[in-house]
Amino acid sequence: MGQSLPDDLFFYASKIVWGLLRADSVLLILLAAGLWALWAGRPELGRALVTATALGGAVIALSPLANVLLRGIEARHPVPELAGPVAGIVILGGAEDPAGTLAWGPPSLNEGGERFLAALDLARRHPEAVVLFTGGSGRLGGSDLPEAEVARRVLTGAGLDPARLILEGASRNTAENARLSRALAPDRPGRWLLVTSAFHMPRAVETFCAAGWRDLTPYPVDFRSRPGAGLRWAPAESLVAFNLALHEYLGLAAYRATGRAVRPLPTDCPARP
C-alpha cells in the first residue's frame with residue numbers, strides 16, 4: 001500500500017497529535033475540564049472528570065501496567081546470535097542530545113546511548129561491516145546541530161575508522177530514516193544489523209521492510225521494562241514508561257495505516273538469526 005499522506009503533513013500531524021494524546025497531556029486536559037465544570041456550576045461532571053484524572057494517574061503511577069505494555073513490545077525481537085557475514089550496521093538516531101552538545105561542547109547522549117555502545121561493539125566484532133547512522137532532527141523547529149553530527153563525533157571519538165562511517169542527516173522520523181538510509185546503503189554481501197532501542201524495534205523493523213530493506217536482522221538494545229514488576233511508588237518513571245509504550249503502539253498503528261510499515265512482514269526482509 002502506498003503512503004496516503006505526504007511526508008511533511010505526516011511529520012507535523014504526528015507531532016501535534018502525539019502532543020495531545022500522551023498520557024500527561026490527557027490527564028491535564030481531564031483535570032482542567034473537571035475544574036472548569038466545577039467552576040461553571042456542573043458539579044457532577046466536574047467530580048467525574050477529576051476522579052477520572054486521579055484514577056488514571058494512580059493506575060499509571062502505582063500499577064505494573066506501564067511495565068507490562070512496554071515489556072510486550074520489547075519481547076517481540078530478542079537479541080540474536082550472529083553468524084555469517086555482516087554487510088553493515090544501521091544505527092537509528094534518537095539517542096543524541098544536540099542541544100546539550102551545542103551548550104557544553106562534548107557530544108552529549110541521552111538515556112538511549114546504549115545504541116552507540118552496542119554499535120561500536122558490533123563494529124569491533126565485524127570489522128568488514130560499514131556503519132550507517134541515520135538521523136537529522138525530530139523536533140518541529142529543527143535543530144542547529146543534526147543528530148548525525150553528534151553521532152559522528154561519538155563514533156569517531158571512540159575510535160571508529162571514519163572510512164567505515166556513512167551519515168544520513170536529513171531524516172526526521174523512522175519512515176524517513178528507513179527510506180533515506182536505504183538510498184545510501186552500499187550493495188554488499190551479508191546481512192544488515194538494525195540497532196535501536198528495544199521498545200522502538202517493532203516499528204523500526206516493519207518500517208525498514210516497507211522501505212525496501214532486505215536481509216535485515218533486528219539487534220535491540222536499551223531495554224526499559226523489568227521482569228516481574230509489581231506495585232511500586234515511582235510515578236515519574238512509570239509515566240515515562242507508559243508514554244514510551246503508548247507512543248509505539250499508536251505510532252505503529254499510524255505507520256501501518258499510512259503505508260509506512262508493513263504487516264505481515266515479507267519473508268525476505270528479516271534475515272534469520
# chains A, B, ... in the order shown; residues from 1 in each chain; ligands from 1
>>> residues_around(residues="stretch 236-251 of chain A", least_positions_apart="3", cutoff="7 Å", atoms="only C-alpha atoms", output="list of chain:residue names")
A:Arg22, A:Ala23, A:Ile60, A:Ala61, A:Ala66, A:Asn67, A:Leu69, A:Leu70, A:His200, A:Ala254, A:Tyr255
>>> write_last_selection(atoms="N, CA, C and O atoms", output="mmCIF file, in the first residue's frame")
data_model
loop_
_atom_site.group_PDB
_atom_site.id
_atom_site.type_symbol
_atom_site.label_atom_id
_atom_site.label_comp_id
_atom_site.auth_asym_id
_atom_site.auth_seq_id
_atom_site.Cartn_x
_atom_site.Cartn_y
_atom_site.Cartn_z
ATOM 1 N N ARG A 22 -0.487 12.000 24.512
ATOM 2 C CA ARG A 22 0.387 11.433 25.537
ATOM 3 C C ARG A 22 -0.316 11.496 26.892
ATOM 4 O O ARG A 22 -1.152 12.371 27.140
ATOM 5 N N ALA A 23 0.037 10.569 27.755
ATOM 6 C CA ALA A 23 -0.722 10.382 28.993
ATOM 7 C C ALA A 23 -0.771 11.639 29.851
ATOM 8 O O ALA A 23 -1.833 11.989 30.400
ATOM 9 N N ILE A 60 -1.353 4.608 36.384
ATOM 10 C CA ILE A 60 -0.060 4.762 35.714
ATOM 11 C C ILE A 60 1.079 4.768 36.720
ATOM 12 O O ILE A 60 2.122 4.145 36.520
ATOM 13 N N ALA A 61 0.886 5.476 37.845
ATOM 14 C CA ALA A 61 1.968 5.647 38.810
ATOM 15 C C ALA A 61 2.231 4.413 39.653
ATOM 16 O O ALA A 61 3.387 4.123 39.991
ATOM 17 N N ALA A 66 2.301 0.015 32.991
ATOM 18 C CA ALA A 66 3.300 0.582 32.087
ATOM 19 C C ALA A 66 4.374 -0.445 31.762
ATOM 20 O O ALA A 66 4.772 -0.606 30.605
ATOM 21 N N ASN A 67 4.829 -1.161 32.770
ATOM 22 C CA ASN A 67 5.865 -2.170 32.556
ATOM 23 C C ASN A 67 5.354 -3.313 31.681
ATOM 24 O O ASN A 67 6.069 -3.814 30.811
ATOM 25 N N LEU A 69 2.943 -3.186 29.373
ATOM 26 C CA LEU A 69 2.825 -2.710 27.999
ATOM 27 C C LEU A 69 4.196 -2.609 27.329
ATOM 28 O O LEU A 69 4.370 -3.003 26.163
ATOM 29 N N LEU A 70 5.157 -2.088 28.049
ATOM 30 C CA LEU A 70 6.492 -1.912 27.492
ATOM 31 C C LEU A 70 7.157 -3.262 27.240
ATOM 32 O O LEU A 70 7.791 -3.475 26.202
ATOM 33 N N HIS A 200 11.419 0.429 20.464
ATOM 34 C CA HIS A 200 11.213 1.017 19.134
ATOM 35 C C HIS A 200 11.387 -0.003 18.010
ATOM 36 O O HIS A 200 11.017 0.263 16.862
ATOM 37 N N ALA A 254 -0.356 4.083 13.214
ATOM 38 C CA ALA A 254 -0.361 5.163 12.230
ATOM 39 C C ALA A 254 0.519 4.826 11.032
ATOM 40 O O ALA A 254 0.163 5.121 9.876
ATOM 41 N N TYR A 255 1.655 4.188 11.270
ATOM 42 C CA TYR A 255 2.553 3.823 10.177
ATOM 43 C C TYR A 255 1.903 2.777 9.270
ATOM 44 O O TYR A 255 2.002 2.840 8.045
#
>>> residues_around(residues="A:Pro98", least_positions_apart="2", cutoff="12 Å", atoms="only C-alpha atoms", output="MDAnalysis selection string")
chainID A and resid 93:96 100:110 135:139 142:154
>>> atom_distance(atom1="atom CA of A:Thr217", atom2="atom CA of A:Ser14")
27.3 Å
>>> closest_residue(among="A:Ala52, A:Leu216, A:Val130, A:Leu252", to="A:Pro202", atoms="only C-alpha atoms")
A:Leu252
>>> closest_residue(among="A:Glu114, A:Ala119, A:His77, A:Pro235", to="A:Gly57", atoms="only C-alpha atoms")
A:Pro235
>>> select_by_dssp(residues="stretch 105-184 of chain A", states="strand (DSSP E or B)", output="tab-separated table (two decimals) with N, CA, C and O atoms, in the first residue's frame")
chain	number	residue	atom	x	y	z
A	109	LEU	N	24.74	12.48	24.98
A	109	LEU	CA	23.77	11.45	24.68
A	109	LEU	C	22.71	11.42	25.77
A	109	LEU	O	22.94	11.89	26.89
A	130	VAL	N	30.27	-1.88	7.29
A	130	VAL	CA	30.19	-0.42	7.36
A	130	VAL	C	29.21	-0.06	8.48
A	130	VAL	O	28.38	-0.87	8.90
A	131	VAL	N	29.29	1.17	8.95
A	131	VAL	CA	28.40	1.67	10.00
A	131	VAL	C	27.61	2.84	9.41
A	131	VAL	O	28.20	3.85	8.99
A	132	LEU	N	26.29	2.70	9.38
A	132	LEU	CA	25.43	3.71	8.77
A	132	LEU	C	24.55	4.30	9.87
A	132	LEU	O	23.71	3.62	10.43
A	133	PHE	N	24.76	5.57	10.15
A	133	PHE	CA	23.91	6.26	11.13
A	133	PHE	C	22.86	7.07	10.38
A	133	PHE	O	23.17	7.75	9.40
A	134	THR	N	21.61	7.03	10.87
A	134	THR	CA	20.54	7.78	10.22
A	134	THR	C	19.77	8.61	11.25
A	134	THR	O	19.23	8.07	12.22
A	165	LEU	N	32.31	4.88	8.09
A	165	LEU	CA	31.10	5.55	8.57
A	165	LEU	C	30.34	6.23	7.44
A	165	LEU	O	30.91	6.97	6.63
A	166	ILE	N	29.03	5.98	7.38
A	166	ILE	CA	28.12	6.64	6.46
A	166	ILE	C	27.09	7.39	7.29
A	166	ILE	O	26.47	6.81	8.18
A	167	LEU	N	26.90	8.68	7.00
A	167	LEU	CA	25.99	9.50	7.79
A	167	LEU	C	24.82	9.97	6.94
A	167	LEU	O	25.01	10.46	5.82
A	168	GLU	N	23.62	9.83	7.48
A	168	GLU	CA	22.41	10.36	6.86
A	168	GLU	C	21.81	11.34	7.85
A	168	GLU	O	21.37	10.95	8.92
>>> closest_residue(among="A:Val221, A:Thr258, A:Ala234, A:Gly88", to="A:Ser181", atoms="only C-alpha atoms")
A:Gly88
>>> residues_around(residues="A:His126", least_positions_apart="2", cutoff="10 Å", atoms="only C-alpha atoms", output="CSV table (one decimal) with all heavy atoms, in the first residue's frame")
chain,number,residue,atom,x,y,z
A,84,GLY,N,27.8,-15.6,10.1
A,84,GLY,CA,27.8,-15.3,8.7
A,84,GLY,C,28.3,-13.8,8.6
A,84,GLY,O,28.4,-13.1,9.5
A,85,PRO,N,28.5,-13.4,7.3
A,85,PRO,CA,29.0,-12.1,7.0
A,85,PRO,C,28.0,-11.0,7.4
A,85,PRO,O,26.8,-11.2,7.3
A,85,PRO,CB,29.3,-12.1,5.5
A,85,PRO,CG,28.4,-13.1,5.0
A,85,PRO,CD,28.3,-14.2,6.1
A,86,VAL,N,28.5,-9.8,7.8
A,86,VAL,CA,27.6,-8.7,8.1
A,86,VAL,C,28.0,-7.6,7.1
A,86,VAL,O,29.2,-7.1,7.1
A,86,VAL,CB,27.9,-8.2,9.6
A,86,VAL,CG1,27.1,-6.9,9.8
A,86,VAL,CG2,27.4,-9.3,10.5
A,87,ALA,N,27.0,-7.1,6.4
A,87,ALA,CA,27.3,-6.1,5.4
A,87,ALA,C,27.4,-4.7,6.1
A,87,ALA,O,28.3,-3.9,5.7
A,87,ALA,CB,26.1,-6.0,4.4
A,88,GLY,N,26.6,-4.5,7.0
A,88,GLY,CA,26.6,-3.2,7.7
A,88,GLY,C,25.8,-3.1,8.9
A,88,GLY,O,25.0,-4.0,9.2
A,89,ILE,N,26.0,-2.1,9.7
A,89,ILE,CA,25.3,-1.8,11.0
A,89,ILE,C,24.6,-0.5,10.9
A,89,ILE,O,25.2,0.5,10.6
A,89,ILE,CB,26.3,-1.8,12.1
A,89,ILE,CG1,27.1,-3.1,12.2
A,89,ILE,CG2,25.6,-1.5,13.5
A,89,ILE,CD1,28.4,-3.0,12.9
A,120,LEU,N,29.2,0.1,18.5
A,120,LEU,CA,30.7,0.1,18.5
A,120,LEU,C,31.2,-1.3,18.8
A,120,LEU,O,32.2,-1.8,18.2
A,120,LEU,CB,31.2,1.1,19.5
A,120,LEU,CG,31.1,2.6,19.2
A,120,LEU,CD1,31.3,3.4,20.4
A,120,LEU,CD2,32.2,2.9,18.1
A,121,ASP,N,30.5,-2.0,19.7
A,121,ASP,CA,30.9,-3.4,19.9
A,121,ASP,C,30.7,-4.3,18.7
A,121,ASP,O,31.6,-5.1,18.3
A,121,ASP,CB,30.1,-4.0,21.1
A,121,ASP,CG,30.4,-5.4,21.4
A,121,ASP,OD1,31.6,-5.7,21.7
A,121,ASP,OD2,29.5,-6.3,21.3
A,122,LEU,N,29.6,-4.1,18.0
A,122,LEU,CA,29.3,-4.9,16.8
A,122,LEU,C,30.4,-4.5,15.7
A,122,LEU,O,30.8,-5.4,14.9
A,122,LEU,CB,27.9,-4.6,16.2
A,122,LEU,CG,26.8,-5.1,17.1
A,122,LEU,CD1,25.4,-4.6,16.6
A,122,LEU,CD2,26.7,-6.7,17.0
A,123,ALA,N,30.7,-3.2,15.6
A,123,ALA,CA,31.7,-2.8,14.6
A,123,ALA,C,33.1,-3.5,14.9
A,123,ALA,O,33.8,-3.8,14.0
A,123,ALA,CB,31.9,-1.3,14.6
A,124,ARG,N,33.4,-3.6,16.2
A,124,ARG,CA,34.7,-4.3,16.6
A,124,ARG,C,34.6,-5.8,16.2
A,124,ARG,O,35.6,-6.3,15.7
A,124,ARG,CB,34.9,-4.1,18.0
A,124,ARG,CG,36.1,-4.8,18.6
A,124,ARG,CD,36.2,-4.8,20.1
A,124,ARG,NE,35.0,-5.3,20.7
A,124,ARG,CZ,34.8,-6.7,20.9
A,124,ARG,NH1,35.8,-7.5,20.5
A,124,ARG,NH2,33.8,-7.1,21.5
A,128,GLU,N,34.5,-6.0,8.9
A,128,GLU,CA,34.2,-5.9,7.5
A,128,GLU,C,32.9,-5.0,7.2
A,128,GLU,O,32.7,-4.6,6.1
A,128,GLU,CB,33.9,-7.3,6.9
A,128,GLU,CG,32.6,-7.9,7.2
A,128,GLU,CD,32.5,-8.5,8.6
A,128,GLU,OE1,33.4,-8.4,9.4
A,128,GLU,OE2,31.4,-9.2,8.8
A,129,ALA,N,32.2,-4.7,8.3
A,129,ALA,CA,30.9,-4.1,8.1
A,129,ALA,C,31.1,-2.5,8.1
A,129,ALA,O,31.9,-2.0,8.8
A,129,ALA,CB,30.0,-4.4,9.3
A,130,VAL,N,30.3,-1.9,7.3
A,130,VAL,CA,30.2,-0.4,7.4
A,130,VAL,C,29.2,-0.1,8.5
A,130,VAL,O,28.4,-0.9,8.9
A,130,VAL,CB,29.7,0.2,6.0
A,130,VAL,CG1,30.7,-0.1,4.9
A,130,VAL,CG2,28.3,-0.3,5.7
>>> atom_distance(atom1="atom CA of A:Leu92", atom2="atom CA of A:Phe199")
12.7 Å
>>> atom_distance(atom1="atom CA of A:Glu81", atom2="atom CA of A:Ala198")
15.9 Å
>>> select_by_dssp(residues="stretch 44-186 of chain A", states="helix (DSSP H, G or I)", output="count of residues only")
73
>>> residues_around(residues="A:Tyr12", least_positions_apart="3", cutoff="12 Å", atoms="only C-alpha atoms", output="list in words")
Leu5, Pro6, Asp7, Asp8, Leu9, Lys15, Ile16, Val17, Trp18, Gly19, Gly138, Arg139, Leu140, Gly141, Gly142, Arg172 and Asn173 of chain A
>>> residues_around(residues="A:Leu27", least_positions_apart="4", cutoff="10 Å", atoms="only C-alpha atoms", output="ChimeraX atom specification")
/A:21-23,31-33,49-50,52-57
>>> write_last_selection(atoms="N, CA and C atoms", output="mmCIF file, in the first residue's frame")
data_model
loop_
_atom_site.group_PDB
_atom_site.id
_atom_site.type_symbol
_atom_site.label_atom_id
_atom_site.label_comp_id
_atom_site.auth_asym_id
_atom_site.auth_seq_id
_atom_site.Cartn_x
_atom_site.Cartn_y
_atom_site.Cartn_z
ATOM 1 N N LEU A 21 -2.152 13.381 22.773
ATOM 2 C CA LEU A 21 -2.570 12.051 23.217
ATOM 3 C C LEU A 21 -1.660 11.429 24.267
ATOM 4 N N ARG A 22 -0.487 12.000 24.512
ATOM 5 C CA ARG A 22 0.387 11.433 25.537
ATOM 6 C C ARG A 22 -0.316 11.496 26.892
ATOM 7 N N ALA A 23 0.037 10.569 27.755
ATOM 8 C CA ALA A 23 -0.722 10.382 28.993
ATOM 9 C C ALA A 23 -0.771 11.639 29.851
ATOM 10 N N LEU A 31 -8.184 17.066 33.946
ATOM 11 C CA LEU A 31 -8.204 17.847 35.178
ATOM 12 C C LEU A 31 -8.701 19.266 34.920
ATOM 13 N N ALA A 32 -8.211 19.887 33.859
ATOM 14 C CA ALA A 32 -8.646 21.252 33.536
ATOM 15 C C ALA A 32 -10.138 21.282 33.223
ATOM 16 N N ALA A 33 -10.602 20.278 32.475
ATOM 17 C CA ALA A 33 -12.027 20.226 32.153
ATOM 18 C C ALA A 33 -12.866 20.024 33.410
ATOM 19 N N LEU A 49 -14.838 14.052 36.203
ATOM 20 C CA LEU A 49 -13.599 14.272 35.462
ATOM 21 C C LEU A 49 -12.390 14.307 36.387
ATOM 22 N N VAL A 50 -12.536 14.958 37.539
ATOM 23 C CA VAL A 50 -11.421 14.999 38.499
ATOM 24 C C VAL A 50 -11.132 13.594 39.028
ATOM 25 N N ALA A 52 -11.715 10.776 37.425
ATOM 26 C CA ALA A 52 -11.068 10.039 36.335
ATOM 27 C C ALA A 52 -9.591 10.401 36.232
ATOM 28 N N THR A 53 -9.267 11.667 36.434
ATOM 29 C CA THR A 53 -7.868 12.094 36.412
ATOM 30 C C THR A 53 -7.074 11.411 37.521
ATOM 31 N N ALA A 54 -7.632 11.408 38.721
ATOM 32 C CA ALA A 54 -6.941 10.804 39.857
ATOM 33 C C ALA A 54 -6.760 9.302 39.667
ATOM 34 N N LEU A 55 -7.805 8.630 39.208
ATOM 35 C CA LEU A 55 -7.708 7.186 38.995
ATOM 36 C C LEU A 55 -6.714 6.854 37.889
ATOM 37 N N GLY A 56 -6.767 7.611 36.785
ATOM 38 C CA GLY A 56 -5.826 7.372 35.698
ATOM 39 C C GLY A 56 -4.383 7.581 36.127
ATOM 40 N N GLY A 57 -4.140 8.662 36.870
ATOM 41 C CA GLY A 57 -2.794 8.911 37.362
ATOM 42 C C GLY A 57 -2.328 7.836 38.317
#
>>> closest_residue(among="A:Ala158, A:Ala37, A:Ala13, A:Ala257", to="A:Thr207", atoms="only C-alpha atoms")
A:Ala257
>>> closest_residue(among="A:Ala163, A:Ile73, A:Ala210, A:Val262", to="A:Ser197", atoms="only C-alpha atoms")
A:Ile73
>>> decode(residues="stretch 251-264 of chain A", atoms="N, CA and C atoms", output="CSV table (one decimal), in the first residue's frame")
chain,number,residue,atom,x,y,z
A,251,GLY,N,2.1,4.8,17.2
A,251,GLY,CA,3.0,5.1,16.1
A,251,GLY,C,2.9,3.9,15.1
A,252,LEU,N,2.9,2.7,15.6
A,252,LEU,CA,2.9,1.5,14.7
A,252,LEU,C,1.5,1.5,13.9
A,253,ALA,N,0.5,1.8,14.7
A,253,ALA,CA,-0.9,1.8,14.0
A,253,ALA,C,-0.9,2.9,12.9
A,254,ALA,N,-0.4,4.1,13.2
A,254,ALA,CA,-0.4,5.2,12.2
A,254,ALA,C,0.5,4.8,11.0
A,255,TYR,N,1.7,4.2,11.3
A,255,TYR,CA,2.6,3.8,10.2
A,255,TYR,C,1.9,2.8,9.3
A,256,ARG,N,1.2,1.8,9.9
A,256,ARG,CA,0.6,0.8,9.1
A,256,ARG,C,-0.6,1.4,8.3
A,257,ALA,N,-1.3,2.3,8.9
A,257,ALA,CA,-2.5,2.9,8.2
A,257,ALA,C,-2.1,3.8,7.0
A,258,THR,N,-0.9,4.3,7.1
A,258,THR,CA,-0.4,5.2,6.0
A,258,THR,C,0.6,4.5,5.1
A,259,GLY,N,0.7,3.2,5.2
A,259,GLY,CA,1.6,2.5,4.3
A,259,GLY,C,3.1,2.7,4.6
A,260,ARG,N,3.5,3.2,5.8
A,260,ARG,CA,4.9,3.4,6.1
A,260,ARG,C,5.4,2.2,6.9
A,261,ALA,N,4.6,1.3,7.2
A,261,ALA,CA,5.0,0.0,7.8
A,261,ALA,C,4.2,-1.1,7.2
A,262,VAL,N,4.8,-2.3,7.2
A,262,VAL,CA,4.1,-3.4,6.5
A,262,VAL,C,3.9,-4.6,7.5
A,263,ARG,N,2.7,-5.2,7.5
A,263,ARG,CA,2.4,-6.3,8.3
A,263,ARG,C,1.4,-7.2,7.5
A,264,PRO,N,1.6,-8.5,7.4
A,264,PRO,CA,2.8,-9.2,8.0
A,264,PRO,C,4.1,-8.9,7.2
